[in-house]
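Next up, coords.pdb (PDB, C-alpha atoms, pLDDT in the B column):
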ATOM      1  CA  MET A   1       5.155   5.882   7.788  1.00 76.00           C
ATOM      2  CA  LYS A   2       6.248   7.366   4.487  1.00 83.00           C
ATOM      3  CA  LEU A   3       6.518   6.501   0.833  1.00 83.00           C
ATOM      4  CA  GLY A   4       9.911   5.291  -0.308  1.00 79.00           C
ATOM      5  CA  LEU A   5      11.281   4.683  -3.779  1.00 77.00           C
ATOM      6  CA  SER A   6       8.886   4.421  -6.705  1.00 82.00           C
ATOM      7  CA  GLN A   7       9.603   2.825 -10.061  1.00 86.00           C
ATOM      8  CA  GLY A   8       7.456   2.382 -13.146  1.00 82.00           C
ATOM      9  CA  THR A   9       7.359  -0.973 -14.889  1.00 76.00           C
ATOM     10  CA  ALA A  10       5.423  -2.237 -17.896  1.00 77.00           C
ATOM     11  CA  GLY A  11       1.796  -1.593 -16.974  1.00 83.00           C
ATOM     12  CA  SER A  12       2.328  -0.797 -13.292  1.00 89.00           C
ATOM     13  CA  THR A  13       4.208   1.196 -10.668  1.00 90.00           C
ATOM     14  CA  ASP A  14       6.106  -0.314  -7.754  1.00 92.00           C
ATOM     15  CA  GLN A  15       5.868   1.888  -4.647  1.00 93.00           C
ATOM     16  CA  VAL A  16       7.819   1.186  -1.448  1.00 95.00           C
ATOM     17  CA  ILE A  17       6.034   1.904   1.849  1.00 95.00           C
ATOM     18  CA  ASP A  18       8.462   2.460   4.740  1.00 96.00           C
ATOM     19  CA  PHE A  19       7.401   1.883   8.355  1.00 96.00           C
ATOM     20  CA  THR A  20       9.645   3.721  10.866  1.00 95.00           C
ATOM     21  CA  ASN A  21       9.660   2.957  14.586  1.00 95.00           C
ATOM     22  CA  ILE A  22       9.342   6.400  16.195  1.00 94.00           C
ATOM     23  CA  GLY A  23       8.976   4.959  19.707  1.00 95.00           C
ATOM     24  CA  PRO A  24      11.616   4.461  22.408  1.00 97.00           C
ATOM     25  CA  VAL A  25      11.459   0.622  22.372  1.00 97.00           C
ATOM     26  CA  ALA A  26      11.570  -2.066  19.700  1.00 97.00           C
ATOM     27  CA  CYS A  27       8.288  -3.011  18.051  1.00 95.00           C
ATOM     28  CA  THR A  28       7.228  -5.862  15.777  1.00 96.00           C
ATOM     29  CA  LEU A  29       5.194  -6.131  12.585  1.00 95.00           C
ATOM     30  CA  HIS A  30       3.939  -9.384  11.081  1.00 95.00           C
ATOM     31  CA  GLY A  31       2.202  -9.938   7.790  1.00 95.00           C
ATOM     32  CA  TYR A  32       0.672  -7.519   5.351  1.00 96.00           C
ATOM     33  CA  PRO A  33      -0.395  -3.900   5.562  1.00 97.00           C
ATOM     34  CA  GLY A  34      -3.913  -3.180   4.334  1.00 97.00           C
ATOM     35  CA  VAL A  35      -3.638  -0.784   1.389  1.00 98.00           C
ATOM     36  CA  ALA A  36      -6.185   0.883  -0.883  1.00 97.00           C
ATOM     37  CA  LEU A  37      -6.533   4.028  -2.937  1.00 97.00           C
ATOM     38  CA  ALA A  38      -8.738   6.712  -1.389  1.00 97.00           C
ATOM     39  CA  GLY A  39     -10.169  10.121  -2.130  1.00 96.00           C
ATOM     40  CA  GLY A  40     -13.131  12.440  -1.769  1.00 92.00           C
ATOM     41  CA  SER A  41     -14.332  14.562   1.108  1.00 92.00           C
ATOM     42  CA  PRO A  42     -14.607  12.977   3.581  1.00 94.00           C
ATOM     43  CA  VAL A  43     -11.805  10.677   2.467  1.00 95.00           C
ATOM     44  CA  ALA A  44     -13.038   7.155   1.671  1.00 96.00           C
ATOM     45  CA  GLN A  45     -11.621   4.008   0.105  1.00 97.00           C
ATOM     46  CA  ILE A  46     -12.015   3.727  -3.671  1.00 96.00           C
ATOM     47  CA  GLY A  47     -12.405   0.257  -5.136  1.00 95.00           C
ATOM     48  CA  ALA A  48     -10.844  -2.956  -3.925  1.00 96.00           C
ATOM     49  CA  ALA A  49      -8.074  -3.175  -1.330  1.00 97.00           C
ATOM     50  CA  ALA A  50      -4.694  -4.572  -2.356  1.00 97.00           C
ATOM     51  CA  ALA A  51      -4.413  -8.317  -2.824  1.00 96.00           C
ATOM     52  CA  GLU A  52      -1.716 -10.042  -0.755  1.00 95.00           C
ATOM     53  CA  ASP A  53       1.316 -11.193  -2.754  1.00 92.00           C
ATOM     54  CA  PRO A  54       2.174 -14.587  -1.192  1.00 89.00           C
ATOM     55  CA  SER A  55       5.924 -14.442  -1.848  1.00 84.00           C
ATOM     56  CA  PRO A  56       7.975 -14.058   0.228  1.00 85.00           C
ATOM     57  CA  PRO A  57       6.221 -15.695   3.194  1.00 89.00           C
ATOM     58  CA  ARG A  58       5.160 -13.853   6.351  1.00 91.00           C
ATOM     59  CA  GLN A  59       7.830 -13.262   8.974  1.00 92.00           C
ATOM     60  CA  LEU A  60       7.972 -11.466  12.293  1.00 96.00           C
ATOM     61  CA  VAL A  61       9.932  -8.241  11.787  1.00 96.00           C
ATOM     62  CA  THR A  62      11.439  -6.507  14.826  1.00 97.00           C
ATOM     63  CA  ILE A  63      12.119  -2.804  14.339  1.00 96.00           C
ATOM     64  CA  ALA A  64      14.513  -1.092  16.753  1.00 97.00           C
ATOM     65  CA  PRO A  65      13.849   2.564  17.684  1.00 97.00           C
ATOM     66  CA  GLY A  66      14.573   4.774  14.676  1.00 96.00           C
ATOM     67  CA  GLN A  67      14.840   1.799  12.304  1.00 97.00           C
ATOM     68  CA  VAL A  68      12.702   0.953   9.274  1.00 96.00           C
ATOM     69  CA  ALA A  69      10.788  -1.965   7.739  1.00 97.00           C
ATOM     70  CA  ASN A  70       9.082  -1.889   4.336  1.00 96.00           C
ATOM     71  CA  SER A  71       6.426  -3.356   2.108  1.00 96.00           C
ATOM     72  CA  LEU A  72       6.188  -3.184  -1.689  1.00 95.00           C
ATOM     73  CA  LEU A  73       2.940  -2.010  -3.277  1.00 96.00           C
ATOM     74  CA  ARG A  74       2.309  -2.706  -6.976  1.00 94.00           C
ATOM     75  CA  ILE A  75      -0.230  -0.389  -8.591  1.00 94.00           C
ATOM     76  CA  GLY A  76      -1.580  -1.482 -11.973  1.00 92.00           C
ATOM     77  CA  ARG A  77      -2.676   1.029 -14.601  1.00 91.00           C
ATOM     78  CA  ALA A  78      -6.431   1.422 -14.167  1.00 90.00           C
ATOM     79  CA  ALA A  79      -6.798   3.013 -17.607  1.00 85.00           C
ATOM     80  CA  SER A  80      -5.600  -0.219 -19.252  1.00 87.00           C
ATOM     81  CA  LEU A  81      -8.713  -2.092 -18.044  1.00 87.00           C
ATOM     82  CA  PRO A  82     -11.987  -2.069 -19.993  1.00 85.00           C
ATOM     83  CA  PRO A  83     -14.147   0.869 -18.809  1.00 82.00           C
ATOM     84  CA  SER A  84     -17.015  -1.486 -17.950  1.00 85.00           C
ATOM     85  CA  ALA A  85     -14.767  -3.443 -15.570  1.00 86.00           C
ATOM     86  CA  CYS A  86     -13.079  -0.508 -13.862  1.00 91.00           C
ATOM     87  CA  ASP A  87     -15.143   2.717 -13.590  1.00 91.00           C
ATOM     88  CA  LEU A  88     -12.178   5.137 -13.450  1.00 93.00           C
ATOM     89  CA  ALA A  89     -12.082   7.482 -10.456  1.00 93.00           C
ATOM     90  CA  PRO A  90      -9.505  10.015  -9.234  1.00 95.00           C
ATOM     91  CA  ALA A  91      -7.682   9.117  -6.021  1.00 96.00           C
ATOM     92  CA  SER A  92      -5.692  11.490  -3.820  1.00 97.00           C
ATOM     93  CA  TYR A  93      -4.300   9.164  -1.148  1.00 97.00           C
ATOM     94  CA  LEU A  94      -3.006   5.756  -0.240  1.00 97.00           C
ATOM     95  CA  GLN A  95      -5.008   4.431   2.717  1.00 97.00           C
ATOM     96  CA  ILE A  96      -2.618   2.238   4.711  1.00 97.00           C
ATOM     97  CA  TYR A  97      -3.362   0.063   7.731  1.00 97.00           C
ATOM     98  CA  PRO A  98      -0.121  -1.222   9.300  1.00 95.00           C
ATOM     99  CA  PRO A  99      -0.352  -4.973  10.046  1.00 94.00           C
ATOM    100  CA  ASP A 100      -2.742  -5.738  12.922  1.00 89.00           C
ATOM    101  CA  GLN A 101      -3.862  -2.087  13.205  1.00 92.00           C
ATOM    102  CA  THR A 102      -7.387  -0.723  12.795  1.00 94.00           C
ATOM    103  CA  THR A 103      -6.650   2.962  12.201  1.00 95.00           C
ATOM    104  CA  PRO A 104      -5.483   3.958   8.714  1.00 96.00           C
ATOM    105  CA  VAL A 105      -2.785   6.431   7.772  1.00 95.00           C
ATOM    106  CA  TYR A 106      -3.416   8.515   4.655  1.00 96.00           C
ATOM    107  CA  LEU A 107      -0.429   9.460   2.511  1.00 96.00           C
ATOM    108  CA  ALA A 108      -0.830  11.862  -0.409  1.00 96.00           C
ATOM    109  CA  TYR A 109      -0.720   9.870  -3.653  1.00 95.00           C
ATOM    110  CA  PRO A 110      -2.558  11.187  -6.708  1.00 96.00           C
ATOM    111  CA  ALA A 111      -3.572   8.320  -8.987  1.00 94.00           C
ATOM    112  CA  THR A 112      -6.355   6.930 -11.123  1.00 93.00           C
ATOM    113  CA  ALA A 113      -8.300   4.210  -9.334  1.00 93.00           C
ATOM    114  CA  CYS A 114     -11.017   1.751 -10.294  1.00 94.00           C
ATOM    115  CA  SER A 115     -14.149   2.429  -8.279  1.00 94.00           C
ATOM    116  CA  SER A 116     -15.452  -1.049  -9.120  1.00 91.00           C
ATOM    117  CA  LYS A 117     -14.514  -3.556  -6.407  1.00 89.00           C
ATOM    118  CA  ARG A 118     -14.457  -6.213  -9.145  1.00 87.00           C
ATOM    119  CA  ALA A 119     -11.271  -4.710 -10.594  1.00 89.00           C
ATOM    120  CA  SER A 120      -8.067  -5.502  -8.734  1.00 90.00           C
ATOM    121  CA  ILE A 121      -5.199  -3.134  -9.592  1.00 94.00           C
ATOM    122  CA  LEU A 122      -3.262  -3.294  -6.287  1.00 96.00           C
ATOM    123  CA  SER A 123      -1.080  -5.979  -4.709  1.00 96.00           C
ATOM    124  CA  VAL A 124       1.104  -5.693  -1.618  1.00 97.00           C
ATOM    125  CA  SER A 125       3.968  -7.735  -0.167  1.00 96.00           C
ATOM    126  CA  VAL A 126       4.562  -8.751   3.437  1.00 96.00           C
ATOM    127  CA  VAL A 127       6.485  -6.357   5.682  1.00 96.00           C
ATOM    128  CA  MET A 128      10.219  -6.985   5.374  1.00 95.00           C
ATOM    129  CA  PRO A 129      13.120  -5.709   7.505  1.00 94.00           C
ATOM    130  CA  GLY A 130      15.044  -2.616   6.424  1.00 91.00           C
ATOM    131  CA  PRO A 131      14.221   0.268   4.128  1.00 85.00           C
ATOM    132  CA  GLY A 132      12.809  -0.560   0.696  1.00 79.00           C
ATOM    133  CA  GLY A 133      15.303  -0.478  -2.129  1.00 70.00           C
TER     134      GLY A 133
END

Would you put the structure from the file into structure tokens?
Amino acid sequence: MKLGLSQGTAGSTDQVIDFTNIGPVACTLHGYPGVALAGGSPVAQIGAAAAEDPSPPRQLVTIAPGQVANSLLRIGRAASLPPSACDLAPASYLQIYPPDQTTPVYLAYPATACSSKRASILSVSVVMPGPGG
């Protein structure tokens, strides 16, 4: 797993997450990855996990050995929220659970998070075939 292309938009950043099949046989992914910002020592989730973006719909994605699938993460600007609703906190990582997995992968990603679980600044798309563009 690695971070792909990143692009800033008005009030947010779109970050591609690429999932590469490093095994010798095809594998499948279905649905959404679990994504949150994380930091601290020991590393822990900060704030709310990403909300699921319902479009496009879920599909079973088969990834051949060496091939890639992707998901798009939208990260809103935490500093644009009222301080009472967000409680700004520094994050160092993206905590990513591939669909149907229970062990996270941590990828370096310095950002400002909201420690309040009431504030939702993340949304993630379903896993799609191919590398993110």

Neighbours of Ser71 of chain A within 7 Å (only C-alpha atoms; same-chain residues fewer than 3 positions away dropped), as a tab-separated table (two decimals) with C-alpha atoms, in the coordinates of the input?
chain	number	residue	atom	x	y	z
A	16	VAL	CA	7.82	1.19	-1.45
A	17	ILE	CA	6.03	1.90	1.85
A	18	ASP	CA	8.46	2.46	4.74
A	124	VAL	CA	1.10	-5.69	-1.62
A	125	SER	CA	3.97	-7.74	-0.17
A	126	VAL	CA	4.56	-8.75	3.44
A	127	VAL	CA	6.48	-6.36	5.68
A	128	MET	CA	10.22	-6.98	5.37

For this structure, which residues satisfy the selection - the PyMOL selection byres ((chain A and resi 61-69) around 9) - when it is evaluated on the file as given? I want them as a short mmCIF file (atom, residue, chain, number, x, y, z; two decimals) with C-alpha atoms, keeping the file's coordinate frame.
data_model
loop_
_atom_site.label_atom_id
_atom_site.label_comp_id
_atom_site.auth_asym_id
_atom_site.auth_seq_id
_atom_site.Cartn_x
_atom_site.Cartn_y
_atom_site.Cartn_z
CA ILE A 17 6.03 1.90 1.85
CA ASP A 18 8.46 2.46 4.74
CA PHE A 19 7.40 1.88 8.36
CA THR A 20 9.64 3.72 10.87
CA ASN A 21 9.66 2.96 14.59
CA ILE A 22 9.34 6.40 16.20
CA GLY A 23 8.98 4.96 19.71
CA PRO A 24 11.62 4.46 22.41
CA VAL A 25 11.46 0.62 22.37
CA ALA A 26 11.57 -2.07 19.70
CA CYS A 27 8.29 -3.01 18.05
CA THR A 28 7.23 -5.86 15.78
CA LEU A 29 5.19 -6.13 12.58
CA HIS A 30 3.94 -9.38 11.08
CA GLY A 31 2.20 -9.94 7.79
CA GLN A 59 7.83 -13.26 8.97
CA LEU A 60 7.97 -11.47 12.29
CA ASN A 70 9.08 -1.89 4.34
CA SER A 71 6.43 -3.36 2.11
CA VAL A 127 6.48 -6.36 5.68
CA MET A 128 10.22 -6.98 5.37
CA PRO A 129 13.12 -5.71 7.50
CA GLY A 130 15.04 -2.62 6.42
CA PRO A 131 14.22 0.27 4.13
CA GLY A 132 12.81 -0.56 0.70
#

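Residue nearest Ile75 of chain A within the list A:Gly11, A:Pro56, A:Gly39, A:Pro104: A:Gly11 [criterion: smallest interatomic distance, all atoms listed in the file].
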
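For the set A:Thr102, A:Ser55, A:Gln45, A:Ser120, the residue with the smallest atom-to-atom gap to Leu72 of chain A is A:Ser55, counting all atoms listed in the file.
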
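Distances here use only C-alpha atoms; by that measure, the residue among A:Arg74, A:Ile96, A:Leu122, A:Ala91 closest to Ala50 of chain A is A:Leu122.
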
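For the file shown, the residue list from the PyMOL selection byres ((chain A and resi 43) around 12) reads Ala36, Leu37, Ala38, Gly39, Gly40, Ser41, Pro42, Ala44, Gln45, Ile46, Pro90, Ala91, Ser92, Tyr93, Leu94, Gln95, Pro104, Val105, Tyr106, Leu107 and Ala108 of chain A.
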
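Between atom CA of Pro33 of chain A and atom CA of Ala49 of chain A there is a distance of 10.3 Å.
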
Missing atoms in segment 11-41 of chain A should be modelled up to N, CA and C atoms and reported as a PDB file, in the coordinates of the input.
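This is the output file out.pdb:
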ATOM      1  N   GLY A  11       3.181  -1.455 -17.403  1.00 83.00           N
ATOM      2  CA  GLY A  11       1.796  -1.593 -16.974  1.00 83.00           C
ATOM      3  C   GLY A  11       1.530  -1.352 -15.509  1.00 83.00           C
ATOM      4  N   SER A  12       2.564  -1.026 -14.716  1.00 89.00           N
ATOM      5  CA  SER A  12       2.328  -0.797 -13.292  1.00 89.00           C
ATOM      6  C   SER A  12       3.428   0.071 -12.694  1.00 89.00           C
ATOM      7  N   THR A  13       3.218   0.460 -11.444  1.00 90.00           N
ATOM      8  CA  THR A  13       4.208   1.196 -10.668  1.00 90.00           C
ATOM      9  C   THR A  13       4.467   0.440  -9.382  1.00 90.00           C
ATOM     10  N   ASP A  14       5.728   0.286  -9.028  1.00 92.00           N
ATOM     11  CA  ASP A  14       6.106  -0.314  -7.754  1.00 92.00           C
ATOM     12  C   ASP A  14       6.411   0.822  -6.785  1.00 92.00           C
ATOM     13  N   GLN A  15       5.719   0.831  -5.641  1.00 93.00           N
ATOM     14  CA  GLN A  15       5.868   1.888  -4.647  1.00 93.00           C
ATOM     15  C   GLN A  15       6.253   1.270  -3.306  1.00 93.00           C
ATOM     16  N   VAL A  16       7.384   1.671  -2.754  1.00 95.00           N
ATOM     17  CA  VAL A  16       7.819   1.186  -1.448  1.00 95.00           C
ATOM     18  C   VAL A  16       7.082   1.978  -0.365  1.00 95.00           C
ATOM     19  N   ILE A  17       6.613   1.279   0.660  1.00 95.00           N
ATOM     20  CA  ILE A  17       6.034   1.904   1.849  1.00 95.00           C
ATOM     21  C   ILE A  17       6.982   1.593   3.001  1.00 95.00           C
ATOM     22  N   ASP A  18       7.540   2.632   3.617  1.00 96.00           N
ATOM     23  CA  ASP A  18       8.462   2.460   4.740  1.00 96.00           C
ATOM     24  C   ASP A  18       7.733   2.685   6.064  1.00 96.00           C
ATOM     25  N   PHE A  19       7.948   1.794   7.008  1.00 96.00           N
ATOM     26  CA  PHE A  19       7.401   1.883   8.355  1.00 96.00           C
ATOM     27  C   PHE A  19       8.558   2.168   9.307  1.00 96.00           C
ATOM     28  N   THR A  20       8.566   3.334   9.964  1.00 95.00           N
ATOM     29  CA  THR A  20       9.645   3.721  10.866  1.00 95.00           C
ATOM     30  C   THR A  20       9.171   3.639  12.313  1.00 95.00           C
ATOM     31  N   ASN A  21       9.969   3.028  13.160  1.00 95.00           N
ATOM     32  CA  ASN A  21       9.660   2.957  14.586  1.00 95.00           C
ATOM     33  C   ASN A  21      10.055   4.291  15.215  1.00 95.00           C
ATOM     34  N   ILE A  22       9.066   5.100  15.589  1.00 94.00           N
ATOM     35  CA  ILE A  22       9.342   6.400  16.195  1.00 94.00           C
ATOM     36  C   ILE A  22       9.278   6.334  17.726  1.00 94.00           C
ATOM     37  N   GLY A  23       9.061   5.135  18.256  1.00 95.00           N
ATOM     38  CA  GLY A  23       8.976   4.959  19.707  1.00 95.00           C
ATOM     39  C   GLY A  23      10.331   4.717  20.344  1.00 95.00           C
ATOM     40  N   PRO A  24      10.357   4.652  21.684  1.00 97.00           N
ATOM     41  CA  PRO A  24      11.616   4.461  22.408  1.00 97.00           C
ATOM     42  C   PRO A  24      12.021   2.993  22.599  1.00 97.00           C
ATOM     43  N   VAL A  25      11.149   2.045  22.223  1.00 97.00           N
ATOM     44  CA  VAL A  25      11.459   0.622  22.372  1.00 97.00           C
ATOM     45  C   VAL A  25      11.188  -0.097  21.050  1.00 97.00           C
ATOM     46  N   ALA A  26      11.778  -1.280  20.911  1.00 97.00           N
ATOM     47  CA  ALA A  26      11.570  -2.066  19.700  1.00 97.00           C
ATOM     48  C   ALA A  26      10.093  -2.433  19.557  1.00 97.00           C
ATOM     49  N   CYS A  27       9.654  -2.559  18.320  1.00 95.00           N
ATOM     50  CA  CYS A  27       8.288  -3.011  18.051  1.00 95.00           C
ATOM     51  C   CYS A  27       8.363  -4.101  16.984  1.00 95.00           C
ATOM     52  N   THR A  28       7.256  -4.806  16.779  1.00 96.00           N
ATOM     53  CA  THR A  28       7.228  -5.862  15.777  1.00 96.00           C
ATOM     54  C   THR A  28       6.057  -5.656  14.828  1.00 96.00           C
ATOM     55  N   LEU A  29       6.253  -6.087  13.598  1.00 95.00           N
ATOM     56  CA  LEU A  29       5.194  -6.131  12.585  1.00 95.00           C
ATOM     57  C   LEU A  29       5.220  -7.535  12.000  1.00 95.00           C
ATOM     58  N   HIS A  30       4.033  -8.047  11.654  1.00 95.00           N
ATOM     59  CA  HIS A  30       3.939  -9.384  11.081  1.00 95.00           C
ATOM     60  C   HIS A  30       2.855  -9.390  10.023  1.00 95.00           C
ATOM     61  N   GLY A  31       3.210  -9.794   8.827  1.00 95.00           N
ATOM     62  CA  GLY A  31       2.202  -9.938   7.790  1.00 95.00           C
ATOM     63  C   GLY A  31       2.135  -8.757   6.838  1.00 95.00           C
ATOM     64  N   TYR A  32       0.917  -8.486   6.407  1.00 96.00           N
ATOM     65  CA  TYR A  32       0.672  -7.519   5.351  1.00 96.00           C
ATOM     66  C   TYR A  32       0.028  -6.243   5.875  1.00 96.00           C
ATOM     67  N   PRO A  33       0.402  -5.093   5.294  1.00 97.00           N
ATOM     68  CA  PRO A  33      -0.395  -3.900   5.562  1.00 97.00           C
ATOM     69  C   PRO A  33      -1.666  -3.974   4.705  1.00 97.00           C
ATOM     70  N   GLY A  34      -2.721  -3.331   5.159  1.00 97.00           N
ATOM     71  CA  GLY A  34      -3.913  -3.180   4.334  1.00 97.00           C
ATOM     72  C   GLY A  34      -3.755  -1.897   3.541  1.00 97.00           C
ATOM     73  N   VAL A  35      -3.868  -1.964   2.220  1.00 98.00           N
ATOM     74  CA  VAL A  35      -3.638  -0.784   1.389  1.00 98.00           C
ATOM     75  C   VAL A  35      -4.751  -0.655   0.363  1.00 98.00           C
ATOM     76  N   ALA A  36      -5.202   0.576   0.153  1.00 97.00           N
ATOM     77  CA  ALA A  36      -6.185   0.883  -0.883  1.00 97.00           C
ATOM     78  C   ALA A  36      -5.963   2.320  -1.340  1.00 97.00           C
ATOM     79  N   LEU A  37      -6.505   2.641  -2.488  1.00 97.00           N
ATOM     80  CA  LEU A  37      -6.533   4.028  -2.937  1.00 97.00           C
ATOM     81  C   LEU A  37      -7.736   4.690  -2.297  1.00 97.00           C
ATOM     82  N   ALA A  38      -7.659   5.998  -2.062  1.00 97.00           N
ATOM     83  CA  ALA A  38      -8.738   6.712  -1.389  1.00 97.00           C
ATOM     84  C   ALA A  38      -8.830   8.135  -1.936  1.00 97.00           C
ATOM     85  N   GLY A  39      -9.973   8.738  -1.700  1.00 96.00           N
ATOM     86  CA  GLY A  39     -10.169  10.121  -2.130  1.00 96.00           C
ATOM     87  C   GLY A  39     -11.502  10.638  -1.658  1.00 96.00           C
ATOM     88  N   GLY A  40     -11.851  11.832  -2.108  1.00 92.00           N
ATOM     89  CA  GLY A  40     -13.131  12.440  -1.769  1.00 92.00           C
ATOM     90  C   GLY A  40     -13.057  13.236  -0.483  1.00 92.00           C
ATOM     91  N   SER A  41     -14.209  13.786  -0.122  1.00 92.00           N
ATOM     92  CA  SER A  41     -14.332  14.562   1.108  1.00 92.00           C
ATOM     93  C   SER A  41     -15.684  14.246   1.732  1.00 92.00           C
TER      94      SER A  41
END
